[in-house]
Amino acid sequence: MLLKRSLFTMLAAVSLITVPALSIAPPKAFAQSETAPILQSRSIASILPAETFGVALINTQDDRWKELSQFQLFPTNLTFPGLLLYPNAKGTSFVNDIQPWLGDQFGIALLSAKSIVMVSSVKDQTALNQYIDRIKASRTAPAKVIQYKGATILEFQPEKPIGEDSKPPKATKKPEAAKPQFYQVPKLAIAVLPGYLINSDSASALEELLDGQGKLADNPKFQRVVQNPKATRSLATFYGKYAEMIKAVNEMSRSQIEQLSQLSPNTLVPPPFDPNKLDPLAQFYDTADGYIWAEPTGMRTEISVNFKQSVPESVLSKFTTQNQILDRLPAVNYMVTNSQNLALYWRVLTLGLESQPAWKKSVDQTRQWMQSFAGIDDRDVFPWMTGEYTVFAYPTTKGFLPAIAPNTDIAMGFMVQTTDRPTAETTLNKLTTFVTPRLGKASIQQTTIAGQPVTSYEAGRSHNFFSYGWTDQNTLLMLFGGGSISEFSPPPTRNLTQSANFKSAIEPFPTANIGYFYVNQGAFMTFVNNSLLPAFVGQSGMKNPFVTQVQDSLASIHSISSAGTITPDRIQYGGFLALAPRVKR
């Protein structure tokens, strides 16, 4: 779980960070002659420093994006989504003002913990010059011109929204501390290098790029990424120095929270922490890479973290699961995720948090609250969860939620294997002993199913809202909100691994892995259409054309799945969006 979260953080670092770069313009000082406006497109890695922390490279070629048009989920004639580069300048558009000069690639690069830049390849300097003029005209104040290492940088200051009072505040006896202000038109710094447009929210970021040593395109680790066959068909390619990238994103996030706290004193500012202390494999991480591409059956993603040195087999075995616990789930589920050795992940997490005084205080307070609420805390719960585990949501007509809400046929479940059943039973007995006087003895029912003890917490007409029991000597099942242990013990005649939809969803992934994530979109949409949507929009709203369009789009997704694998050289997560093909008419 922690490994998955760290990798998603890596993706956020290189693909979800936005800058005010969506208004871009280079100075005319670098314009080429009017007689040779067409430029040869090159990789933007050619101007990024060799030790760039991370970069997301986005392909702008329409034929690459049109590969998605074979699926019902996407438009019939999909081209590069210009919204990714849509400008702030008033009266401009992507098609008329950006597309004419934009080359085959643009990217967002994380240079350091303080600098993010956007780089775009340029194919037509004349068209770019025209766009520059429109950007300049959209600003009320002229740009500050900075000459730096042979480059001309234009820096535009932020501008207040139109109509906002620009008069200075009246003097007071005790001047208030300056507070950050948010503007409708953000600060912007832009410059042009031959064949490239670069921009950021400050001139210092562009100066940092110009100060960089070497070129990312010549970095052997980056070359390994772009030379991968997947890169030649990808919509987006990612590369980064894992540890540096995670640290930089953490510092940026904390800085933003601190700025927000100056505007709102009630904003919670978490204490600083080192994310690498929360990951059991952090010491091995080197570079990260990723790809997004289309296949005949859907859309694929792949994210990897390479290791500095080979990971010993004794370590790998602690993470690899055989997915045997999935044999105990019914064939139809809304959502399933599984892995193993939750005890190890939790031990690493708590040791990392407790090693830092500020976080240890929060951990202690949380444990005190858990003891007062349930009579147990994480030290009772996780140490015995040493085997495979799965969290799932499945359709059922039994239990509390289906009884109180029409068509809410759902229950959440948690199943875990243990090598220490006595400790697990001690924890469960502590919970029941604590809860019984608070709910009333009549609300706690204890029975046996298939020779194993089962405990149910009930409300109303014998509708359980929480129950737990053993499905065999070493496997514990907990159900939340409804469901019945009898649906799992004895094991279902037809289980999840026999489901055709599940088999198709996991087909791209190795069978020995860290675990799966799976959404049965067809089953989930049945739940959405029968329960969630009527509750939010009402029966009349179900006929709304927009609602119908959303339903049709979501229904074209067969499944959503992912799986992680670990080898001595890398840890890798793959994702698969199985999509319905477009109906030919």
# chains A, B, ... in the order shown; residues from 1 in each chain; ligands from 1
>>> residues_around(residues="Tyr518 of chain A", least_positions_apart="5", cutoff="10 Å", atoms="only C-alpha atoms", output="VMD selection string")
chain A and resid 333 to 338 392 501 to 502 505 to 506 559 to 563 575 to 576
>>> write_last_selection(atoms="all heavy atoms", output="short mmCIF file (atom, residue, chain, number, x, y, z; two decimals), in the first residue's frame")
data_model
loop_
_atom_site.label_atom_id
_atom_site.label_comp_id
_atom_site.auth_asym_id
_atom_site.auth_seq_id
_atom_site.Cartn_x
_atom_site.Cartn_y
_atom_site.Cartn_z
N ASN A 333 -18.00 -8.67 -7.97
CA ASN A 333 -17.63 -7.66 -6.99
C ASN A 333 -17.69 -6.30 -7.66
O ASN A 333 -17.54 -6.18 -8.88
CB ASN A 333 -16.22 -7.90 -6.46
CG ASN A 333 -16.15 -8.99 -5.43
OD1 ASN A 333 -16.17 -8.73 -4.23
ND2 ASN A 333 -16.07 -10.25 -5.89
N TYR A 334 -17.91 -5.27 -6.87
CA TYR A 334 -17.80 -3.91 -7.40
C TYR A 334 -16.33 -3.50 -7.49
O TYR A 334 -15.90 -2.93 -8.49
CB TYR A 334 -18.53 -2.93 -6.49
CG TYR A 334 -20.02 -3.16 -6.38
CD1 TYR A 334 -20.64 -3.21 -5.14
CD2 TYR A 334 -20.81 -3.32 -7.52
CE1 TYR A 334 -22.00 -3.41 -5.03
CE2 TYR A 334 -22.17 -3.51 -7.43
CZ TYR A 334 -22.77 -3.57 -6.17
OH TYR A 334 -24.12 -3.76 -6.07
N MET A 335 -15.58 -3.77 -6.42
CA MET A 335 -14.18 -3.35 -6.35
C MET A 335 -13.40 -4.34 -5.49
O MET A 335 -13.92 -4.82 -4.48
CB MET A 335 -14.10 -1.94 -5.75
CG MET A 335 -12.69 -1.37 -5.61
SD MET A 335 -11.77 -1.94 -4.13
CE MET A 335 -12.80 -1.30 -2.81
N VAL A 336 -12.16 -4.60 -5.86
CA VAL A 336 -11.30 -5.50 -5.10
C VAL A 336 -9.88 -4.97 -5.15
O VAL A 336 -9.40 -4.54 -6.21
CB VAL A 336 -11.31 -6.93 -5.66
CG1 VAL A 336 -10.28 -7.80 -4.94
CG2 VAL A 336 -12.69 -7.56 -5.55
N THR A 337 -9.18 -4.99 -4.03
CA THR A 337 -7.74 -4.76 -4.02
C THR A 337 -7.13 -5.73 -3.03
O THR A 337 -7.75 -6.06 -2.01
CB THR A 337 -7.40 -3.30 -3.65
OG1 THR A 337 -5.98 -3.10 -3.75
CG2 THR A 337 -7.84 -2.97 -2.23
N ASN A 338 -5.95 -6.22 -3.33
CA ASN A 338 -5.33 -7.21 -2.44
C ASN A 338 -3.82 -7.10 -2.45
O ASN A 338 -3.22 -6.53 -3.36
CB ASN A 338 -5.76 -8.63 -2.85
CG ASN A 338 -5.06 -9.09 -4.12
OD1 ASN A 338 -5.32 -8.56 -5.20
ND2 ASN A 338 -4.17 -10.06 -4.01
N PHE A 392 -12.66 -5.32 -0.27
CA PHE A 392 -13.57 -5.46 -1.40
C PHE A 392 -14.94 -4.88 -1.08
O PHE A 392 -15.31 -4.69 0.08
CB PHE A 392 -13.70 -6.93 -1.80
CG PHE A 392 -14.22 -7.82 -0.70
CD1 PHE A 392 -15.56 -8.15 -0.61
CD2 PHE A 392 -13.34 -8.34 0.25
CE1 PHE A 392 -16.04 -8.96 0.40
CE2 PHE A 392 -13.81 -9.16 1.28
CZ PHE A 392 -15.16 -9.46 1.35
N ASN A 501 -14.75 -11.37 -16.72
CA ASN A 501 -14.39 -9.96 -16.68
C ASN A 501 -13.10 -9.76 -15.92
O ASN A 501 -12.23 -8.98 -16.33
CB ASN A 501 -15.53 -9.16 -16.04
CG ASN A 501 -15.33 -7.66 -16.18
OD1 ASN A 501 -14.64 -7.03 -15.40
ND2 ASN A 501 -15.96 -7.07 -17.18
N PHE A 502 -12.94 -10.45 -14.80
CA PHE A 502 -11.72 -10.33 -14.00
C PHE A 502 -10.52 -10.90 -14.77
O PHE A 502 -9.44 -10.29 -14.79
CB PHE A 502 -11.89 -11.06 -12.67
CG PHE A 502 -10.67 -10.99 -11.78
CD1 PHE A 502 -10.33 -9.82 -11.13
CD2 PHE A 502 -9.87 -12.10 -11.60
CE1 PHE A 502 -9.22 -9.73 -10.32
CE2 PHE A 502 -8.75 -12.04 -10.79
CZ PHE A 502 -8.42 -10.86 -10.14
N ALA A 505 -9.44 -8.41 -17.25
CA ALA A 505 -8.86 -7.21 -16.63
C ALA A 505 -7.42 -7.41 -16.21
O ALA A 505 -6.61 -6.49 -16.30
CB ALA A 505 -9.71 -6.79 -15.44
N ILE A 506 -7.08 -8.62 -15.74
CA ILE A 506 -5.72 -8.85 -15.22
C ILE A 506 -4.81 -9.51 -16.25
O ILE A 506 -3.64 -9.76 -15.96
CB ILE A 506 -5.74 -9.71 -13.94
CG1 ILE A 506 -6.25 -11.13 -14.25
CG2 ILE A 506 -6.60 -9.05 -12.87
CD1 ILE A 506 -6.09 -12.10 -13.10
N SER A 559 -13.74 -2.52 -17.45
CA SER A 559 -13.09 -2.72 -16.15
C SER A 559 -11.92 -1.76 -16.00
O SER A 559 -11.41 -1.22 -16.99
CB SER A 559 -12.59 -4.16 -15.99
OG SER A 559 -11.58 -4.44 -16.96
N ILE A 560 -11.53 -1.56 -14.75
CA ILE A 560 -10.34 -0.78 -14.41
C ILE A 560 -9.48 -1.67 -13.55
O ILE A 560 -9.95 -2.25 -12.56
CB ILE A 560 -10.72 0.50 -13.64
CG1 ILE A 560 -11.73 1.33 -14.43
CG2 ILE A 560 -9.49 1.33 -13.31
CD1 ILE A 560 -12.35 2.47 -13.62
N SER A 561 -8.21 -1.81 -13.90
CA SER A 561 -7.37 -2.74 -13.15
C SER A 561 -5.93 -2.27 -13.12
O SER A 561 -5.49 -1.48 -13.95
CB SER A 561 -7.44 -4.14 -13.77
OG SER A 561 -7.04 -4.10 -15.13
N SER A 562 -5.20 -2.78 -12.14
CA SER A 562 -3.76 -2.53 -12.04
C SER A 562 -3.14 -3.64 -11.23
O SER A 562 -3.82 -4.38 -10.51
CB SER A 562 -3.48 -1.16 -11.38
OG SER A 562 -3.87 -1.18 -10.02
N ALA A 563 -1.83 -3.77 -11.35
CA ALA A 563 -1.09 -4.77 -10.58
C ALA A 563 0.35 -4.31 -10.45
O ALA A 563 0.89 -3.65 -11.34
CB ALA A 563 -1.16 -6.14 -11.25
N GLY A 575 -1.29 -0.35 -15.28
CA GLY A 575 -2.71 -0.06 -15.22
C GLY A 575 -3.36 -0.36 -16.56
O GLY A 575 -2.73 -0.25 -17.62
N PHE A 576 -4.64 -0.76 -16.52
CA PHE A 576 -5.35 -1.13 -17.74
C PHE A 576 -6.79 -0.67 -17.64
O PHE A 576 -7.50 -1.00 -16.69
CB PHE A 576 -5.29 -2.65 -17.93
CG PHE A 576 -6.04 -3.17 -19.13
CD1 PHE A 576 -6.00 -2.50 -20.35
CD2 PHE A 576 -6.77 -4.34 -19.05
CE1 PHE A 576 -6.67 -2.97 -21.46
CE2 PHE A 576 -7.45 -4.83 -20.15
CZ PHE A 576 -7.41 -4.15 -21.36
#
>>> select_by_dssp(residues="segment 87-116 of chain A", states="strand (DSSP E or B)", output="PyMOL selection string")
chain A and resi 102-112+115-116
>>> residues_around(residues="Phe488 of chain A", least_positions_apart="2", cutoff="9 Å", atoms="only C-alpha atoms", output="PyMOL selection string")
chain A and resi 328-330+471+477+484-486+490-492
>>> write_last_selection(atoms="N, CA, C and O atoms", output="PDB file, in the first residue's frame")
ATOM      1  N   ARG A 328     -11.597 -16.940  -2.487  1.00  0.00           N
ATOM      2  CA  ARG A 328     -12.638 -16.956  -1.468  1.00  0.00           C
ATOM      3  C   ARG A 328     -13.673 -15.847  -1.659  1.00  0.00           C
ATOM      4  O   ARG A 328     -14.603 -15.718  -0.864  1.00  0.00           O
ATOM      5  N   LEU A 329     -13.493 -15.036  -2.712  1.00  0.00           N
ATOM      6  CA  LEU A 329     -14.459 -13.971  -2.991  1.00  0.00           C
ATOM      7  C   LEU A 329     -15.460 -14.415  -4.037  1.00  0.00           C
ATOM      8  O   LEU A 329     -15.130 -15.188  -4.945  1.00  0.00           O
ATOM      9  N   PRO A 330     -16.710 -13.931  -3.985  1.00  0.00           N
ATOM     10  CA  PRO A 330     -17.701 -14.269  -5.008  1.00  0.00           C
ATOM     11  C   PRO A 330     -17.286 -13.734  -6.369  1.00  0.00           C
ATOM     12  O   PRO A 330     -16.482 -12.792  -6.474  1.00  0.00           O
ATOM     13  N   THR A 471     -13.320 -18.040   8.148  1.00  0.00           N
ATOM     14  CA  THR A 471     -13.765 -18.885   7.039  1.00  0.00           C
ATOM     15  C   THR A 471     -12.936 -20.155   6.947  1.00  0.00           C
ATOM     16  O   THR A 471     -13.303 -21.076   6.220  1.00  0.00           O
ATOM     17  N   LEU A 477     -12.619 -12.931   8.254  1.00  0.00           N
ATOM     18  CA  LEU A 477     -13.428 -12.066   7.395  1.00  0.00           C
ATOM     19  C   LEU A 477     -14.186 -11.061   8.248  1.00  0.00           C
ATOM     20  O   LEU A 477     -14.806 -11.421   9.254  1.00  0.00           O
ATOM     21  N   SER A 484     -23.316 -11.149   4.780  1.00  0.00           N
ATOM     22  CA  SER A 484     -23.383 -12.250   5.728  1.00  0.00           C
ATOM     23  C   SER A 484     -22.173 -13.152   5.552  1.00  0.00           C
ATOM     24  O   SER A 484     -21.752 -13.425   4.416  1.00  0.00           O
ATOM     25  N   ILE A 485     -21.622 -13.619   6.662  1.00  0.00           N
ATOM     26  CA  ILE A 485     -20.479 -14.527   6.609  1.00  0.00           C
ATOM     27  C   ILE A 485     -20.836 -15.780   5.818  1.00  0.00           C
ATOM     28  O   ILE A 485     -19.986 -16.390   5.156  1.00  0.00           O
ATOM     29  N   SER A 486     -22.113 -16.150   5.843  1.00  0.00           N
ATOM     30  CA  SER A 486     -22.547 -17.358   5.139  1.00  0.00           C
ATOM     31  C   SER A 486     -22.358 -17.254   3.628  1.00  0.00           C
ATOM     32  O   SER A 486     -22.354 -18.269   2.934  1.00  0.00           O
ATOM     33  N   PRO A 490     -19.310 -21.962   3.500  1.00  0.00           N
ATOM     34  CA  PRO A 490     -18.144 -22.406   2.728  1.00  0.00           C
ATOM     35  C   PRO A 490     -17.858 -21.489   1.540  1.00  0.00           C
ATOM     36  O   PRO A 490     -18.717 -20.695   1.157  1.00  0.00           O
ATOM     37  N   PRO A 491     -16.654 -21.598   0.939  1.00  0.00           N
ATOM     38  CA  PRO A 491     -16.281 -20.707  -0.166  1.00  0.00           C
ATOM     39  C   PRO A 491     -17.309 -20.747  -1.289  1.00  0.00           C
ATOM     40  O   PRO A 491     -17.935 -21.783  -1.529  1.00  0.00           O
ATOM     41  N   PRO A 492     -17.517 -19.631  -1.986  1.00  0.00           N
ATOM     42  CA  PRO A 492     -18.517 -19.583  -3.062  1.00  0.00           C
ATOM     43  C   PRO A 492     -18.208 -20.592  -4.166  1.00  0.00           C
ATOM     44  O   PRO A 492     -17.037 -20.853  -4.472  1.00  0.00           O
TER      45      PRO A 492
END
>>> residues_around(residues="Gly352 of chain A", least_positions_apart="3", cutoff="9 Å", atoms="only C-alpha atoms", output="ChimeraX atom specification")
/A:273-279,347-349,355-356
>>> closest_residue(among="A:Ser46, A:Ser540, A:Thr350, A:Thr140", to="Pro280 of chain A", atoms="only C-alpha atoms")
A:Thr350
>>> residues_around(residues="Pro81 of chain A", least_positions_apart="3", cutoff="10 Å", atoms="only C-alpha atoms", output="count of residues only")
8
>>> closest_residue(among="A:Lys221, A:Gln157, A:Lys230, A:Ala331", to="Gln498 of chain A", atoms="only C-alpha atoms")
A:Ala331
>>> atom_distance(atom1="atom CA of Ile47 of chain A", atom2="atom CA of Gln223 of chain A")
14.4 Å
>>> residues_around(residues="Ala294 of chain A", least_positions_apart="4", cutoff="10 Å", atoms="only C-alpha atoms", output="JSON, numbers by chain")
{"A": [64, 65, 66, 67, 68, 69, 70, 71, 233, 234, 235, 298, 299, 300, 301, 576, 577]}
>>> write_last_selection(atoms="N, CA and C atoms", output="PDB file, in the first residue's frame")
ATOM      1  N   ARG A  64      -1.365  10.219 -32.936  1.00  0.00           N
ATOM      2  CA  ARG A  64      -1.181   9.446 -31.698  1.00  0.00           C
ATOM      3  C   ARG A  64      -2.456   9.482 -30.864  1.00  0.00           C
ATOM      4  N   TRP A  65      -3.084  10.629 -30.773  1.00  0.00           N
ATOM      5  CA  TRP A  65      -4.313  10.762 -29.986  1.00  0.00           C
ATOM      6  C   TRP A  65      -5.513  10.120 -30.680  1.00  0.00           C
ATOM      7  N   LYS A  66      -5.490  10.077 -31.999  1.00  0.00           N
ATOM      8  CA  LYS A  66      -6.602   9.476 -32.730  1.00  0.00           C
ATOM      9  C   LYS A  66      -6.721   7.979 -32.481  1.00  0.00           C
ATOM     10  N   GLU A  67      -5.663   7.353 -31.961  1.00  0.00           N
ATOM     11  CA  GLU A  67      -5.736   5.933 -31.627  1.00  0.00           C
ATOM     12  C   GLU A  67      -6.815   5.665 -30.583  1.00  0.00           C
ATOM     13  N   LEU A  68      -7.145   6.699 -29.786  1.00  0.00           N
ATOM     14  CA  LEU A  68      -8.184   6.534 -28.771  1.00  0.00           C
ATOM     15  C   LEU A  68      -9.586   6.622 -29.360  1.00  0.00           C
ATOM     16  N   SER A  69      -9.691   7.104 -30.582  1.00  0.00           N
ATOM     17  CA  SER A  69     -11.006   7.267 -31.196  1.00  0.00           C
ATOM     18  C   SER A  69     -11.674   5.941 -31.533  1.00  0.00           C
ATOM     19  N   GLN A  70     -10.913   4.846 -31.448  1.00  0.00           N
ATOM     20  CA  GLN A  70     -11.504   3.533 -31.706  1.00  0.00           C
ATOM     21  C   GLN A  70     -12.433   3.104 -30.572  1.00  0.00           C
ATOM     22  N   PHE A  71     -12.380   3.835 -29.437  1.00  0.00           N
ATOM     23  CA  PHE A  71     -13.187   3.463 -28.279  1.00  0.00           C
ATOM     24  C   PHE A  71     -14.370   4.413 -28.115  1.00  0.00           C
ATOM     25  N   ARG A 233       5.190   4.876 -28.865  1.00  0.00           N
ATOM     26  CA  ARG A 233       3.742   4.853 -29.080  1.00  0.00           C
ATOM     27  C   ARG A 233       2.981   5.563 -27.967  1.00  0.00           C
ATOM     28  N   SER A 234       3.694   6.207 -27.052  1.00  0.00           N
ATOM     29  CA  SER A 234       3.055   6.786 -25.871  1.00  0.00           C
ATOM     30  C   SER A 234       2.463   8.158 -26.135  1.00  0.00           C
ATOM     31  N   LEU A 235       1.367   8.428 -25.451  1.00  0.00           N
ATOM     32  CA  LEU A 235       0.807   9.774 -25.389  1.00  0.00           C
ATOM     33  C   LEU A 235       1.623  10.630 -24.435  1.00  0.00           C
ATOM     34  N   GLY A 298      -7.900  -1.189 -25.111  1.00  0.00           N
ATOM     35  CA  GLY A 298      -8.066  -0.139 -24.120  1.00  0.00           C
ATOM     36  C   GLY A 298      -6.829   0.714 -23.952  1.00  0.00           C
ATOM     37  N   MET A 299      -6.718   1.349 -22.809  1.00  0.00           N
ATOM     38  CA  MET A 299      -5.598   2.241 -22.513  1.00  0.00           C
ATOM     39  C   MET A 299      -4.714   1.619 -21.439  1.00  0.00           C
ATOM     40  N   ARG A 300      -3.408   1.712 -21.634  1.00  0.00           N
ATOM     41  CA  ARG A 300      -2.457   1.111 -20.702  1.00  0.00           C
ATOM     42  C   ARG A 300      -1.552   2.176 -20.080  1.00  0.00           C
ATOM     43  N   THR A 301      -1.141   1.941 -18.860  1.00  0.00           N
ATOM     44  CA  THR A 301      -0.142   2.761 -18.182  1.00  0.00           C
ATOM     45  C   THR A 301       0.880   1.841 -17.554  1.00  0.00           C
ATOM     46  N   PHE A 576      -4.635  -0.759 -16.519  1.00  0.00           N
ATOM     47  CA  PHE A 576      -5.347  -1.133 -17.740  1.00  0.00           C
ATOM     48  C   PHE A 576      -6.794  -0.670 -17.643  1.00  0.00           C
ATOM     49  N   LEU A 577      -7.207   0.131 -18.615  1.00  0.00           N
ATOM     50  CA  LEU A 577      -8.591   0.573 -18.743  1.00  0.00           C
ATOM     51  C   LEU A 577      -9.181  -0.178 -19.926  1.00  0.00           C
TER      52      LEU A 577
END
>>> select_by_dssp(residues="segment 348-510 of chain A", states="helix (DSSP H, G or I)", output="ChimeraX atom specification")
/A:348-354,357-374,378-381,400-404,421-439,441-443,485-487,496-498,500-506
>>> residues_around(residues="Val583 of chain A", least_positions_apart="2", cutoff="12 Å", atoms="only C-alpha atoms", output="ChimeraX atom specification")
/A:69-73,76,556,579-581,585
>>> atom_distance(atom1="atom CA of Leu57 of chain A", atom2="atom CA of Ser121 of chain A")
10.9 Å
>>> closest_residue(among="A:Gln105, A:Ser317, A:Asn96, A:Ser304", to="Leu128 of chain A", atoms="only C-alpha atoms")
A:Asn96
